[in-house]
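Accompanying notes for the structure given below.
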Amino acid sequence: MVKFNSDATVKEGIGVGLAFVARNDTSEVLATSLRRMRKLLSLEEANIEAASFATSRSGELAFSQVMLESAYLALINQLNNNFFPMLRVGN
């Protein structure tokens, strides 16, 4: 199991920063990445972008079992409550 922790920051008038770190079950870092977006988003939108960024990279890195973690509680609650019907969330 690979755990992806994603996060985002919003800088008014500058843009958005997205990041993730992927770790294995012994907390060894397997991958990290940063992305800057020059568009303005709300914090909620930025955290959704960060989660999307992390999950798309997990596929590119060929990790078969992935757990997404985020400090943005609203996103996790929305995922757990099937707020995004186009996504399949499970074990």
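A note on labels: chains of the structure tokens are A, B, ... as shown, every chain counts residues from 1, and ligands are counted from 1 in their shown order.
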Which neighbours of Ala46 of chain A fall inside 8 Å, counting only C-alpha atoms, when residues of the same chain fewer than 2 positions from it are skipped, and could you give them as a PyMOL selection string?
chain A and resi 8-10+16-18+41-44+48-50
Could you tell me how far atom CA of Arg38 of chain A sits from atom CA of Lys3 of chain A, in Å to one decimal place?
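Taking atom CA of Lys3 of chain A as the start and atom CA of Arg38 of chain A as the end point, the length is 27.5 Å.
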Which distance in Å separates atom CA of Ser56 of chain A and atom CA of Glu69 of chain A, to one decimal?
14.3 Å
All residues 8 Å or closer to segment 31-37 of chain A, only C-alpha atoms, same chain fewer than 3 positions away omitted, as a ChimeraX atom specification:
/A:15-23,40
Selection file, N, CA and C atoms, as a short mmCIF file (atom, residue, chain, number, x, y, z; two decimals), in the first residue's frame:
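For reference, again20.cif as written:
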```cif
data_model
loop_
_atom_site.label_atom_id
_atom_site.label_comp_id
_atom_site.auth_asym_id
_atom_site.auth_seq_id
_atom_site.Cartn_x
_atom_site.Cartn_y
_atom_site.Cartn_z
N GLY A 15 -1.23 32.73 -7.50
CA GLY A 15 -1.65 31.44 -8.02
C GLY A 15 -1.73 30.39 -6.93
N VAL A 16 -1.58 29.15 -7.36
CA VAL A 16 -1.79 28.00 -6.49
C VAL A 16 -0.57 27.09 -6.55
N GLY A 17 -0.21 26.53 -5.41
CA GLY A 17 0.83 25.52 -5.35
C GLY A 17 0.23 24.20 -4.93
N LEU A 18 0.57 23.13 -5.65
CA LEU A 18 0.09 21.79 -5.35
C LEU A 18 1.29 20.91 -5.03
N ALA A 19 1.09 19.97 -4.12
CA ALA A 19 2.19 19.08 -3.77
C ALA A 19 1.66 17.75 -3.27
N PHE A 20 2.50 16.74 -3.39
CA PHE A 20 2.20 15.46 -2.76
C PHE A 20 3.50 14.75 -2.40
N VAL A 21 3.38 13.84 -1.46
CA VAL A 21 4.46 12.92 -1.13
C VAL A 21 3.84 11.53 -1.06
N ALA A 22 4.54 10.54 -1.60
CA ALA A 22 4.08 9.15 -1.57
C ALA A 22 5.05 8.35 -0.70
N ARG A 23 4.49 7.59 0.24
CA ARG A 23 5.31 6.79 1.16
C ARG A 23 4.79 5.35 1.19
N LEU A 40 -6.18 31.45 -10.32
CA LEU A 40 -6.66 31.64 -8.96
C LEU A 40 -7.81 30.68 -8.68
#
```
Counting only C-alpha atoms, which of A:Val2, A:Ala71, A:Ala54, A:Ala62 gets nearest to Val29 of chain A?
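Distance minimum relative to Val29 of chain A lands on A:Val2.
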Identify which of the residues A:Leu30, A:Asn24, A:Lys39, A:Asn5 lies closest to Leu61 of chain A, counting only C-alpha atoms when measuring atom-to-atom distances.
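Checking each of A:Leu30, A:Asn24, A:Lys39, A:Asn5 against Leu61 of chain A, counting only C-alpha atoms, the winner is A:Leu30.
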Would you please give, as a list in words, all residues of segment 35-70 of chain A that DSSP assigns to strand (DSSP E) based on the backbone?
Arg35, Arg36, Met37, Val66, Met67, Leu68, Glu69 and Ser70 of chain A
Based on the selection just made, write N, CA and C atoms of those residues as a JSON list (two decimals), in the first residue's frame.
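Okay, this is what ended up in out.json:
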```json
[["chain", "number", "residue", "atom", "x", "y", "z"],
["A", 35, "ARG", "N", 3.69, 21.36, -8.12],
["A", 35, "ARG", "CA", 3.20, 22.00, -9.35],
["A", 35, "ARG", "C", 2.67, 23.38, -9.00],
["A", 36, "ARG", "N", 2.99, 24.33, -9.85],
["A", 36, "ARG", "CA", 2.47, 25.68, -9.67],
["A", 36, "ARG", "C", 1.43, 25.94, -10.77],
["A", 37, "MET", "N", 0.32, 26.51, -10.35],
["A", 37, "MET", "CA", -0.72, 26.88, -11.31],
["A", 37, "MET", "C", -0.88, 28.39, -11.24],
["A", 66, "VAL", "N", -3.35, 2.32, -3.60],
["A", 66, "VAL", "CA", -3.04, 3.67, -3.16],
["A", 66, "VAL", "C", -4.08, 4.14, -2.15],
["A", 67, "MET", "N", -3.61, 4.83, -1.11],
["A", 67, "MET", "CA", -4.49, 5.49, -0.15],
["A", 67, "MET", "C", -4.19, 6.97, -0.24],
["A", 68, "LEU", "N", -5.23, 7.78, -0.40],
["A", 68, "LEU", "CA", -5.07, 9.23, -0.48],
["A", 68, "LEU", "C", -5.36, 9.83, 0.88],
["A", 69, "GLU", "N", -4.44, 10.65, 1.37],
["A", 69, "GLU", "CA", -4.63, 11.37, 2.63],
["A", 69, "GLU", "C", -4.49, 12.85, 2.35],
["A", 70, "SER", "N", -5.27, 13.63, 3.07],
["A", 70, "SER", "CA", -5.22, 15.08, 2.92],
["A", 70, "SER", "C", -5.54, 15.73, 4.25]]
```
